[in-house]
>>> print(open('model.txt').read())   # compact mmCIF, C-alpha atoms and all ligand atoms
# COMPACT_ATOMS: atom_id res chain seq x y z
CA MET A 991 0.00 0.00 0.00
CA PRO A 992 1.46 3.45 -0.82
CA PRO A 993 2.29 5.67 2.16
CA ASN A 994 -0.73 7.57 3.43
CA LYS A 995 -3.10 6.05 0.91
CA LEU A 996 -5.83 8.51 1.68
CA TYR A 997 -3.65 11.43 0.64
CA THR A 998 -2.79 9.69 -2.64
CA ASP A 999 -6.21 8.42 -3.63
CA LEU A 1000 -8.37 11.08 -2.10
CA SER A 1001 -6.21 14.16 -2.42
CA GLY A 1002 -9.16 15.74 -4.22
CA TYR A 1003 -11.11 15.66 -0.96
CA TYR A 1004 -8.33 17.00 1.24
CA ASP A 1005 -9.16 20.70 1.17
CA PHE A 1006 -12.77 19.91 1.65
CA MET A 1007 -11.90 17.70 4.62
CA CYS A 1008 -9.95 20.60 6.16
CA ALA A 1009 -12.52 23.30 5.41
CA ASP A 1010 -12.92 24.04 9.15
CA ILE A 1011 -9.22 24.69 9.75
CA ASP A 1012 -8.27 28.33 10.25
CA TYR A 1013 -5.11 28.31 8.12
CA GLN A 1014 -4.79 32.08 8.23
CA THR A 1015 -4.66 32.25 12.04
CA GLN A 1016 -2.22 29.32 12.16
CA SER A 1017 0.09 30.97 9.63
CA GLN A 1018 -0.12 34.36 11.35
CA GLY A 1019 0.64 32.75 14.72
CA VAL A 1020 3.76 31.05 13.39
CA ARG A 1021 4.88 34.16 11.54
CA ARG A 1022 4.58 36.05 14.84
CA LEU A 1023 6.71 33.41 16.61
CA HIS A 1024 9.30 33.71 13.87
CA GLN A 1025 9.35 37.50 14.26
CA LEU A 1026 9.71 37.21 18.05
CA LEU A 1027 12.32 34.44 18.21
CA GLY A 1028 14.15 34.35 14.90
CA SER A 1029 15.85 36.53 12.32
CA ASP A 1030 14.08 38.70 9.77
CA GLY A 1031 14.99 36.35 6.89
CA CYS A 1032 12.18 35.11 4.69
CA ARG A 1033 13.40 31.78 3.30
CA HIS A 1034 10.74 29.30 4.33
CA LEU A 1035 10.22 25.55 3.99
CA ASP A 1036 6.93 23.84 4.90
CA LEU A 1037 7.41 20.11 5.59
CA ALA A 1038 4.50 17.78 4.74
CA CYS A 1039 2.95 20.78 3.04
CA GLY A 1040 -0.03 18.88 1.60
CA THR A 1041 -2.02 21.04 -0.81
CA GLY A 1042 -0.15 24.16 0.34
CA PRO A 1043 -2.76 26.07 2.38
CA HIS A 1044 -0.16 27.50 4.77
CA ILE A 1045 2.28 28.29 1.96
CA ARG A 1046 -0.42 30.41 0.34
CA HIS A 1047 -0.41 32.62 3.46
CA PHE A 1048 3.37 32.68 3.91
CA VAL A 1049 3.86 33.78 0.29
CA GLY A 1050 1.30 36.50 1.02
CA PHE A 1051 3.40 37.61 4.05
CA GLY A 1052 6.41 38.02 1.73
CA TYR A 1053 8.23 34.73 2.38
CA GLN A 1054 10.05 32.82 -0.36
CA SER A 1055 8.39 29.51 0.35
CA GLN A 1056 9.03 25.95 -0.61
CA GLY A 1057 6.96 22.91 0.26
CA LEU A 1058 8.00 19.29 0.66
CA ASP A 1059 5.61 16.35 0.65
CA ILE A 1060 5.79 12.62 0.06
CA ASN A 1061 2.65 12.51 -2.13
CA GLN A 1062 2.77 13.96 -5.65
CA PRO A 1063 -1.02 14.42 -5.96
CA MET A 1064 -0.91 16.73 -2.92
CA LEU A 1065 2.00 18.67 -4.43
CA ASP A 1066 0.17 19.02 -7.76
CA ARG A 1067 -2.64 20.80 -5.96
CA ALA A 1068 -0.17 22.89 -3.95
CA ALA A 1069 1.58 24.05 -7.13
CA LEU A 1070 -1.73 25.19 -8.61
CA ARG A 1071 -2.58 27.06 -5.42
CA CYS A 1072 0.88 28.65 -5.01
CA PRO A 1073 2.58 29.10 -8.39
CA GLU A 1074 5.14 31.44 -6.76
CA ALA A 1075 6.46 28.68 -4.47
CA GLY A 1076 8.77 25.75 -5.17
CA PHE A 1077 7.81 22.16 -4.39
CA ILE A 1078 9.87 19.07 -3.62
CA LEU A 1079 8.71 15.46 -3.65
CA GLY A 1080 10.36 13.61 -0.79
CA ASP A 1081 10.27 11.99 2.61
CA MET A 1082 11.05 14.56 5.30
CA CYS A 1083 12.95 11.92 7.29
CA ASP A 1084 15.21 10.79 4.45
CA SER A 1085 15.64 13.89 2.31
CA GLU A 1086 18.68 16.10 2.62
CA LEU A 1087 17.14 19.54 2.65
CA ASP A 1088 18.70 22.29 0.58
CA GLY A 1089 19.02 25.28 2.80
CA PRO A 1090 19.52 27.62 4.27
CA TYR A 1091 16.02 28.40 5.50
CA ASP A 1092 15.11 31.02 8.09
CA LEU A 1093 11.89 29.26 9.01
CA VAL A 1094 10.88 25.60 8.73
CA THR A 1095 7.29 24.70 9.56
CA CYS A 1096 5.40 21.45 9.90
CA PHE A 1097 1.69 21.82 10.56
CA LEU A 1098 -1.21 19.58 11.53
CA TYR A 1099 0.87 17.17 13.63
CA SER A 1100 2.63 16.01 10.48
CA LEU A 1101 5.99 15.62 12.25
CA HIS A 1102 4.42 12.49 13.78
CA TYR A 1103 4.47 10.97 10.28
CA SER A 1104 8.06 9.98 11.01
CA SER A 1105 7.68 6.21 11.24
CA ASN A 1106 9.71 5.74 14.44
CA ILE A 1107 11.87 7.66 16.91
CA ASP A 1108 15.05 7.18 14.83
CA GLN A 1109 13.28 8.58 11.76
CA LEU A 1110 12.02 11.50 13.82
CA LYS A 1111 15.57 12.20 15.03
CA SER A 1112 16.77 12.06 11.44
CA CYS A 1113 14.10 14.54 10.38
CA ILE A 1114 15.04 16.91 13.22
CA ALA A 1115 18.74 16.64 12.32
CA ASN A 1116 17.90 17.41 8.66
CA VAL A 1117 15.93 20.48 9.70
CA HIS A 1118 18.73 21.67 11.97
CA ASN A 1119 21.27 21.34 9.13
CA ALA A 1120 19.03 23.24 6.74
CA LEU A 1121 18.31 26.19 9.05
CA SER A 1122 20.25 29.45 9.01
CA THR A 1123 21.72 30.92 12.21
CA ASN A 1124 18.78 31.78 14.50
CA GLY A 1125 16.53 29.87 12.15
CA VAL A 1126 13.25 28.70 13.68
CA PHE A 1127 11.58 25.29 13.42
CA CYS A 1128 7.88 25.48 14.28
CA PHE A 1129 5.48 22.55 14.53
CA ASN A 1130 2.64 21.16 16.61
CA ALA A 1131 2.64 17.85 18.44
CA VAL A 1132 0.55 15.59 20.66
CA ASP A 1133 1.74 13.90 23.88
CA LYS A 1134 1.06 10.15 23.69
CA THR A 1135 0.13 9.91 27.37
CA ARG A 1136 -2.64 12.47 26.95
CA ILE A 1137 -4.38 10.89 23.95
CA ASN A 1138 -8.05 10.08 24.47
CA ASN A 1139 -8.77 7.09 22.21
CA SER A 1140 -12.50 7.67 22.22
CA LEU A 1141 -12.31 11.26 21.01
CA TRP A 1142 -13.27 11.78 17.34
CA VAL A 1143 -13.60 15.08 15.55
CA THR A 1144 -16.31 15.05 12.90
CA HIS A 1145 -17.61 17.63 10.50
CA THR A 1146 -20.03 17.47 7.63
CA ALA A 1147 -20.27 19.38 4.37
CA GLU A 1148 -22.40 19.46 1.21
CA HIS A 1149 -20.68 19.48 -2.18
CA GLU A 1150 -22.11 19.02 -5.68
CA GLY A 1151 -25.21 17.19 -4.45
CA ALA A 1152 -23.28 14.91 -2.08
CA ARG A 1153 -23.18 14.97 1.72
CA PHE A 1154 -19.74 14.31 3.25
CA GLU A 1155 -18.87 13.31 6.78
CA PHE A 1156 -15.19 13.56 7.73
CA SER A 1157 -13.92 12.10 11.00
CA SER A 1158 -10.48 11.79 12.58
CA GLY A 1159 -9.13 10.60 15.91
CA TRP A 1160 -5.88 9.53 17.61
CA TYR A 1161 -5.33 6.03 18.91
CA TYR A 1162 -2.53 5.12 21.33
CA PRO A 1163 -2.46 1.56 22.70
CA GLY A 1164 -0.92 2.67 26.02
CA TYR A 1165 2.63 1.38 25.39
CA GLY A 1166 5.45 1.79 22.88
CA ASP A 1167 6.32 4.51 20.38
CA ARG A 1168 3.54 4.01 17.83
CA GLN A 1169 0.21 5.82 17.65
CA ALA A 1170 -2.31 5.94 14.83
CA LEU A 1171 -4.30 8.68 13.18
CA LYS A 1172 -7.65 7.24 12.16
CA LEU A 1173 -9.43 8.90 9.27
CA SER A 1174 -12.81 8.22 7.80
CA ILE A 1175 -14.82 9.75 4.96
CA ARG A 1176 -18.46 8.97 4.20
CA ARG A 1177 -20.02 10.30 1.02
CA THR A 1178 -23.78 10.05 0.61
CA VAL A 1179 -25.72 10.76 -2.58
CA GLY A 1180 -29.43 10.01 -2.26
CA ASP A 1181 -29.59 6.76 -0.34
CA THR A 1182 -26.17 5.46 -1.44
CA THR A 1183 -23.25 5.85 0.96
CA GLU A 1184 -19.61 5.12 0.12
CA SER A 1185 -16.99 5.13 2.85
CA TRP A 1186 -13.21 5.18 3.05
CA GLN A 1187 -11.23 4.33 6.18
CA ASP A 1188 -7.54 4.93 6.63
CA GLU A 1189 -5.24 4.46 9.57
CA HIS A 1190 -1.85 6.12 9.54
CA PRO A 1191 0.92 4.77 11.76
CA MET A 1192 2.73 7.62 13.46
CA VAL A 1193 5.49 8.06 15.99
CA ALA A 1194 4.31 8.45 19.59
CA LEU A 1195 6.24 10.17 22.36
CA THR A 1196 5.79 12.37 25.42
CA PHE A 1197 6.60 16.07 25.34
CA GLY A 1198 9.47 15.31 27.74
CA GLU A 1199 10.95 12.83 25.25
CA LEU A 1200 10.46 15.29 22.39
CA ARG A 1201 12.21 18.05 24.32
CA ASP A 1202 15.12 15.71 25.07
CA ILE A 1203 15.52 14.98 21.34
CA LEU A 1204 15.37 18.66 20.41
CA ALA A 1205 17.46 20.09 23.25
CA PRO A 1206 20.96 19.35 21.85
CA TRP A 1207 20.08 21.19 18.64
CA PHE A 1208 17.68 23.95 19.62
CA GLU A 1209 16.54 26.39 22.25
CA VAL A 1210 13.05 24.94 22.73
CA HIS A 1211 9.95 27.03 23.48
CA VAL A 1212 6.62 25.29 24.08
CA PHE A 1213 3.30 27.13 23.77
CA GLU A 1214 -0.35 26.31 24.25
CA HIS A 1215 -1.96 24.98 21.10
CA ASP A 1216 -3.60 28.32 20.35
CA TYR A 1217 -2.18 30.10 17.31
CA GLY A 1218 -4.22 33.20 18.09
CA ARG A 1219 -2.78 33.91 21.56
CA ILE A 1220 0.80 32.59 21.88
CA VAL A 1221 0.91 31.76 25.60
CA PRO A 1222 3.32 29.35 27.33
CA TRP A 1223 2.25 25.71 27.57
CA ASP A 1224 0.44 25.08 30.87
CA ARG A 1225 2.15 21.66 31.29
CA HIS A 1226 -1.24 19.91 31.22
CA SER A 1227 -2.54 20.19 27.65
CA GLY A 1228 -1.92 17.21 25.41
CA ASN A 1229 -1.42 19.37 22.29
CA ALA A 1230 1.24 22.04 22.03
CA LEU A 1231 3.02 24.33 19.64
CA PHE A 1232 6.83 24.00 19.56
CA ALA A 1233 9.06 26.84 18.39
CA CYS A 1234 12.71 25.78 18.28
CA VAL A 1235 15.52 28.22 17.61
CA LYS A 1236 18.71 26.78 16.10
CA ILE A 1237 21.59 26.90 18.55
C1 LIG B 1301 -2.42 15.99 7.66
S1 LIG B 1301 -1.70 16.36 6.09
C2 LIG B 1301 -1.14 18.00 6.45
C3 LIG B 1301 -1.00 18.84 5.23
C4 LIG B 1301 -0.76 20.33 5.51
N1 LIG B 1301 0.47 20.52 6.27
C5 LIG B 1301 -1.93 20.94 6.23
O1 LIG B 1301 -1.74 21.45 7.35
O2 LIG B 1301 -3.03 20.94 5.67
C6 LIG B 1301 -0.23 15.42 6.17
C7 LIG B 1301 0.67 15.50 4.96
O3 LIG B 1301 1.89 14.86 5.28
C8 LIG B 1301 2.37 14.21 4.11
N2 LIG B 1301 3.37 13.23 4.58
C9 LIG B 1301 3.14 12.09 5.27
N3 LIG B 1301 4.30 11.49 5.56
C10 LIG B 1301 5.29 12.27 5.06
C11 LIG B 1301 6.72 12.18 5.03
N4 LIG B 1301 7.36 11.16 5.61
N5 LIG B 1301 7.43 13.16 4.42
C12 LIG B 1301 6.78 14.20 3.83
N6 LIG B 1301 5.43 14.33 3.82
C13 LIG B 1301 4.70 13.39 4.42
C14 LIG B 1301 1.11 13.66 3.48
O4 LIG B 1301 1.31 13.37 2.11
C15 LIG B 1301 0.13 14.81 3.71
O5 LIG B 1301 0.13 15.71 2.63
>>> encode(input="model.txt", output="structure tokens")
Amino acid sequence: MPPNKLYTDLSGYYDFMCADIDYQTQSQGVRRLHQLLGSDGCRHLDLACGTGPHIRHFVGFGYQSQGLDINQPMLDRAALRCPEAGFILGDMCDSELDGPYDLVTCFLYSLHYSSNIDQLKSCIANVHNALSTNGVFCFNAVDKTRINNSLWVTHTAEHEGARFEFSSGWYYPGYGDRQALKLSIRRTVGDTTESWQDEHPMVALTFGELRDILAPWFEVHVFEHDYGRIVPWDRHSGNALFACVKI
């Protein structure tokens, strides 16, 4: 099965699936963190960029953006959305990144797509190598010990006569360094319903473990998962925003 089958086969649904995400506020929040913690350079790389919704905003802010993703169909859509940006097909854990970049981002928990802790370390080392002095690496993450397996987020939408229901949820078995992102799409036209299920294996770790991996490379700042406010992490939330400045 190709990696992240849903993104390959159903890339056409992706933007629709994410229609509730406030990409503008997320991008503004990260831009603000970059202004506060980093340099005033504008070379930007978005890892696991998908269809490029954040890149659209960063280009609008004046960044010279590039996006990297493992799925060509996602990049094809990103290139249409952001003709000013450059796009690279690759695995963020294995690819040597051409730098230097002043800002590297990785949104929507996509850093967890590293398949294990060693791959995650390799990805972080690649980012560190590709950043300029004072460069900032910004991403969001979930702490495995705070995952609620019964929590699903669902939203519905109407499109061209069809009713869609999109659901996603984390699953952590309670041990080890693997968690899963469960995704489901149901499409109903009249009384016919089609459904797609996908389960993505992802790396699982605690925020303490993540900090320990980052600490030799970066000055690590952890914030509440609220792109609109930028306040320090309260040490209880299971989701957080990491802003890491290259040492
Ligand atoms: C949840 S989507 C996020 C897309 C975009 N960042 C956003 O916020 O809408 C995850 C993306 O990660 C990509 N991806 C998964 N594993 C990857 C890897 N190892 N290297 C690069 N991209 C990867 C998928 O193709 C998909 O486009």
>>> residues_near_ligand(input="model.txt", ligand="ligand LIG 1301 (chain B)", cutoff="9 Å", atoms="only C-alpha atoms and all ligand atoms", output="PyMOL selection string")
chain A and resi 993-998+1001+1004-1005+1008+1011+1013+1036-1044+1058-1065+1079-1085+1095-1105+1109+1113+1190+1192
>>> residues_around(input="model.txt", residues="Arg1136 (chain A)", least_positions_apart="2", cutoff="8 Å", atoms="all atoms listed in the file", output="list in words")
Val1132, Asp1133, Lys1134, Asn1138, Ser1227 and Gly1228 of chain A
>>> residues_around(input="model.txt", residues="region 1204-1219 of chain A", least_positions_apart="5", cutoff="8 Å", atoms="all atoms listed in the file", output="PyMOL selection string")
chain A and resi 1015-1016+1018-1020+1114-1115+1118+1130+1224+1227+1229-1237
>>> write_last_selection(input="model.txt", atoms="C-alpha atoms", output="CSV table (one decimal), keeping the file's coordinate frame")
chain,number,residue,atom,x,y,z
A,1015,THR,CA,-4.7,32.2,12.0
A,1016,GLN,CA,-2.2,29.3,12.2
A,1018,GLN,CA,-0.1,34.4,11.4
A,1019,GLY,CA,0.6,32.8,14.7
A,1020,VAL,CA,3.8,31.0,13.4
A,1114,ILE,CA,15.0,16.9,13.2
A,1115,ALA,CA,18.7,16.6,12.3
A,1118,HIS,CA,18.7,21.7,12.0
A,1130,ASN,CA,2.6,21.2,16.6
A,1224,ASP,CA,0.4,25.1,30.9
A,1227,SER,CA,-2.5,20.2,27.6
A,1229,ASN,CA,-1.4,19.4,22.3
A,1230,ALA,CA,1.2,22.0,22.0
A,1231,LEU,CA,3.0,24.3,19.6
A,1232,PHE,CA,6.8,24.0,19.6
A,1233,ALA,CA,9.1,26.8,18.4
A,1234,CYS,CA,12.7,25.8,18.3
A,1235,VAL,CA,15.5,28.2,17.6
A,1236,LYS,CA,18.7,26.8,16.1
A,1237,ILE,CA,21.6,26.9,18.6
>>> atom_distance(input="model.txt", atom1="CA of Gly1052 (chain A)", atom2="CA of Met1007 (chain A)")
27.5 Å
>>> residues_near_point(input="model.txt", point="(8.4, 34.7, 0.6)", cutoff="12 Å", atoms="all atoms listed in the file", output="PyMOL selection string")
chain A and resi 1021+1030-1036+1044-1057+1072+1074-1076+1091-1093
>>> residues_around(input="model.txt", residues="Trp1142 (chain A)", least_positions_apart="3", cutoff="7 Å", atoms="all atoms listed in the file", output="VMD selection string")
chain A and resid 1157 to 1159
>>> decode(input="model.txt", residues="region 1136-1174 of chain A", atoms="N, CA and C atoms", output="mmCIF file, in the first residue's frame")
data_model
loop_
_atom_site.group_PDB
_atom_site.id
_atom_site.type_symbol
_atom_site.label_atom_id
_atom_site.label_comp_id
_atom_site.auth_asym_id
_atom_site.auth_seq_id
_atom_site.Cartn_x
_atom_site.Cartn_y
_atom_site.Cartn_z
ATOM 1 N N ARG A 1136 -1.428 11.668 26.762
ATOM 2 C CA ARG A 1136 -2.637 12.474 26.951
ATOM 3 C C ARG A 1136 -3.662 12.229 25.845
ATOM 4 N N ILE A 1137 -3.431 11.204 25.033
ATOM 5 C CA ILE A 1137 -4.384 10.894 23.947
ATOM 6 C C ILE A 1137 -5.618 10.213 24.524
ATOM 7 N N ASN A 1138 -6.778 10.698 24.081
ATOM 8 C CA ASN A 1138 -8.049 10.079 24.471
ATOM 9 C C ASN A 1138 -8.546 9.272 23.264
ATOM 10 N N ASN A 1139 -8.462 7.946 23.362
ATOM 11 C CA ASN A 1139 -8.769 7.095 22.206
ATOM 12 C C ASN A 1139 -10.218 7.190 21.749
ATOM 13 N N SER A 1140 -11.082 7.654 22.624
ATOM 14 C CA SER A 1140 -12.500 7.670 22.219
ATOM 15 C C SER A 1140 -12.926 9.026 21.629
ATOM 16 N N LEU A 1141 -11.965 9.932 21.520
ATOM 17 C CA LEU A 1141 -12.311 11.265 21.014
ATOM 18 C C LEU A 1141 -12.180 11.322 19.485
ATOM 19 N N TRP A 1142 -13.278 11.611 18.793
ATOM 20 C CA TRP A 1142 -13.265 11.780 17.342
ATOM 21 C C TRP A 1142 -13.733 13.190 17.019
ATOM 22 N N VAL A 1143 -13.123 13.778 16.019
ATOM 23 C CA VAL A 1143 -13.598 15.080 15.547
ATOM 24 C C VAL A 1143 -14.306 14.827 14.219
ATOM 25 N N THR A 1144 -15.545 15.306 14.116
ATOM 26 C CA THR A 1144 -16.312 15.053 12.897
ATOM 27 C C THR A 1144 -16.887 16.357 12.368
ATOM 28 N N HIS A 1145 -16.847 16.523 11.072
ATOM 29 C CA HIS A 1145 -17.611 17.625 10.497
ATOM 30 C C HIS A 1145 -18.231 17.184 9.185
ATOM 31 N N THR A 1146 -19.304 17.852 8.830
ATOM 32 C CA THR A 1146 -20.026 17.468 7.627
ATOM 33 C C THR A 1146 -20.058 18.647 6.649
ATOM 34 N N ALA A 1147 -20.215 18.330 5.391
ATOM 35 C CA ALA A 1147 -20.274 19.382 4.369
ATOM 36 C C ALA A 1147 -21.088 18.871 3.180
ATOM 37 N N GLU A 1148 -21.672 19.796 2.451
ATOM 38 C CA GLU A 1148 -22.402 19.459 1.210
ATOM 39 C C GLU A 1148 -21.554 19.918 0.035
ATOM 40 N N HIS A 1149 -21.470 19.102 -0.999
ATOM 41 C CA HIS A 1149 -20.683 19.479 -2.175
ATOM 42 C C HIS A 1149 -21.245 18.768 -3.396
ATOM 43 N N GLU A 1150 -21.607 19.550 -4.405
ATOM 44 C CA GLU A 1150 -22.110 19.020 -5.676
ATOM 45 C C GLU A 1150 -23.118 17.891 -5.473
ATOM 46 N N GLY A 1151 -24.119 18.151 -4.642
ATOM 47 C CA GLY A 1151 -25.207 17.190 -4.448
ATOM 48 C C GLY A 1151 -24.875 16.024 -3.528
ATOM 49 N N ALA A 1152 -23.654 15.998 -2.989
ATOM 50 C CA ALA A 1152 -23.280 14.905 -2.076
ATOM 51 C C ALA A 1152 -23.112 15.455 -0.660
ATOM 52 N N ARG A 1153 -23.396 14.588 0.330
ATOM 53 C CA ARG A 1153 -23.176 14.970 1.722
ATOM 54 C C ARG A 1153 -21.943 14.208 2.215
ATOM 55 N N PHE A 1154 -20.970 14.947 2.768
ATOM 56 C CA PHE A 1154 -19.743 14.314 3.246
ATOM 57 C C PHE A 1154 -19.681 14.368 4.767
ATOM 58 N N GLU A 1155 -19.148 13.302 5.349
ATOM 59 C CA GLU A 1155 -18.869 13.315 6.779
ATOM 60 C C GLU A 1155 -17.398 12.915 6.953
ATOM 61 N N PHE A 1156 -16.622 13.814 7.525
ATOM 62 C CA PHE A 1156 -15.188 13.565 7.732
ATOM 63 C C PHE A 1156 -14.930 13.387 9.217
ATOM 64 N N SER A 1157 -14.233 12.317 9.588
ATOM 65 C CA SER A 1157 -13.919 12.104 11.002
ATOM 66 C C SER A 1157 -12.450 11.743 11.157
ATOM 67 N N SER A 1158 -11.860 12.182 12.278
ATOM 68 C CA SER A 1158 -10.479 11.791 12.580
ATOM 69 C C SER A 1158 -10.303 11.646 14.087
ATOM 70 N N GLY A 1159 -9.399 10.791 14.470
ATOM 71 C CA GLY A 1159 -9.125 10.602 15.906
ATOM 72 C C GLY A 1159 -7.776 9.934 16.095
ATOM 73 N N TRP A 1160 -7.142 10.194 17.263
ATOM 74 C CA TRP A 1160 -5.878 9.532 17.612
ATOM 75 C C TRP A 1160 -6.171 8.210 18.291
ATOM 76 N N TYR A 1161 -5.255 7.266 18.118
ATOM 77 C CA TYR A 1161 -5.328 6.030 18.910
ATOM 78 C C TYR A 1161 -3.925 5.706 19.430
ATOM 79 N N TYR A 1162 -3.804 5.551 20.739
ATOM 80 C CA TYR A 1162 -2.533 5.122 21.331
ATOM 81 C C TYR A 1162 -2.820 3.910 22.209
ATOM 82 N N PRO A 1163 -2.113 2.783 21.974
ATOM 83 C CA PRO A 1163 -2.458 1.561 22.702
ATOM 84 C C PRO A 1163 -2.070 1.588 24.179
ATOM 85 N N GLY A 1164 -1.286 2.592 24.599
ATOM 86 C CA GLY A 1164 -0.919 2.669 26.016
ATOM 87 C C GLY A 1164 0.515 2.237 26.275
ATOM 88 N N TYR A 1165 1.227 1.772 25.222
ATOM 89 C CA TYR A 1165 2.631 1.379 25.386
ATOM 90 C C TYR A 1165 3.345 1.611 24.048
ATOM 91 N N GLY A 1166 4.651 1.732 24.106
ATOM 92 C CA GLY A 1166 5.454 1.794 22.885
ATOM 93 C C GLY A 1166 5.488 3.172 22.234
ATOM 94 N N ASP A 1167 6.125 3.216 21.051
ATOM 95 C CA ASP A 1167 6.323 4.510 20.383
ATOM 96 C C ASP A 1167 5.570 4.598 19.050
ATOM 97 N N ARG A 1168 4.402 3.928 19.016
ATOM 98 C CA ARG A 1168 3.539 4.005 17.832
ATOM 99 C C ARG A 1168 2.148 4.479 18.228
ATOM 100 N N GLN A 1169 1.613 5.434 17.510
ATOM 101 C CA GLN A 1169 0.206 5.816 17.650
ATOM 102 C C GLN A 1169 -0.381 5.820 16.242
ATOM 103 N N ALA A 1170 -1.689 5.935 16.162
ATOM 104 C CA ALA A 1170 -2.312 5.944 14.832
ATOM 105 C C ALA A 1170 -3.229 7.155 14.714
ATOM 106 N N LEU A 1171 -3.287 7.674 13.499
ATOM 107 C CA LEU A 1171 -4.297 8.676 13.176
ATOM 108 C C LEU A 1171 -5.351 7.952 12.355
ATOM 109 N N LYS A 1172 -6.572 7.916 12.884
ATOM 110 C CA LYS A 1172 -7.653 7.238 12.165
ATOM 111 C C LYS A 1172 -8.447 8.272 11.395
ATOM 112 N N LEU A 1173 -8.690 7.972 10.125
ATOM 113 C CA LEU A 1173 -9.426 8.905 9.272
ATOM 114 C C LEU A 1173 -10.577 8.170 8.601
ATOM 115 N N SER A 1174 -11.674 8.840 8.467
ATOM 116 C CA SER A 1174 -12.810 8.215 7.796
ATOM 117 C C SER A 1174 -13.578 9.263 6.992
#
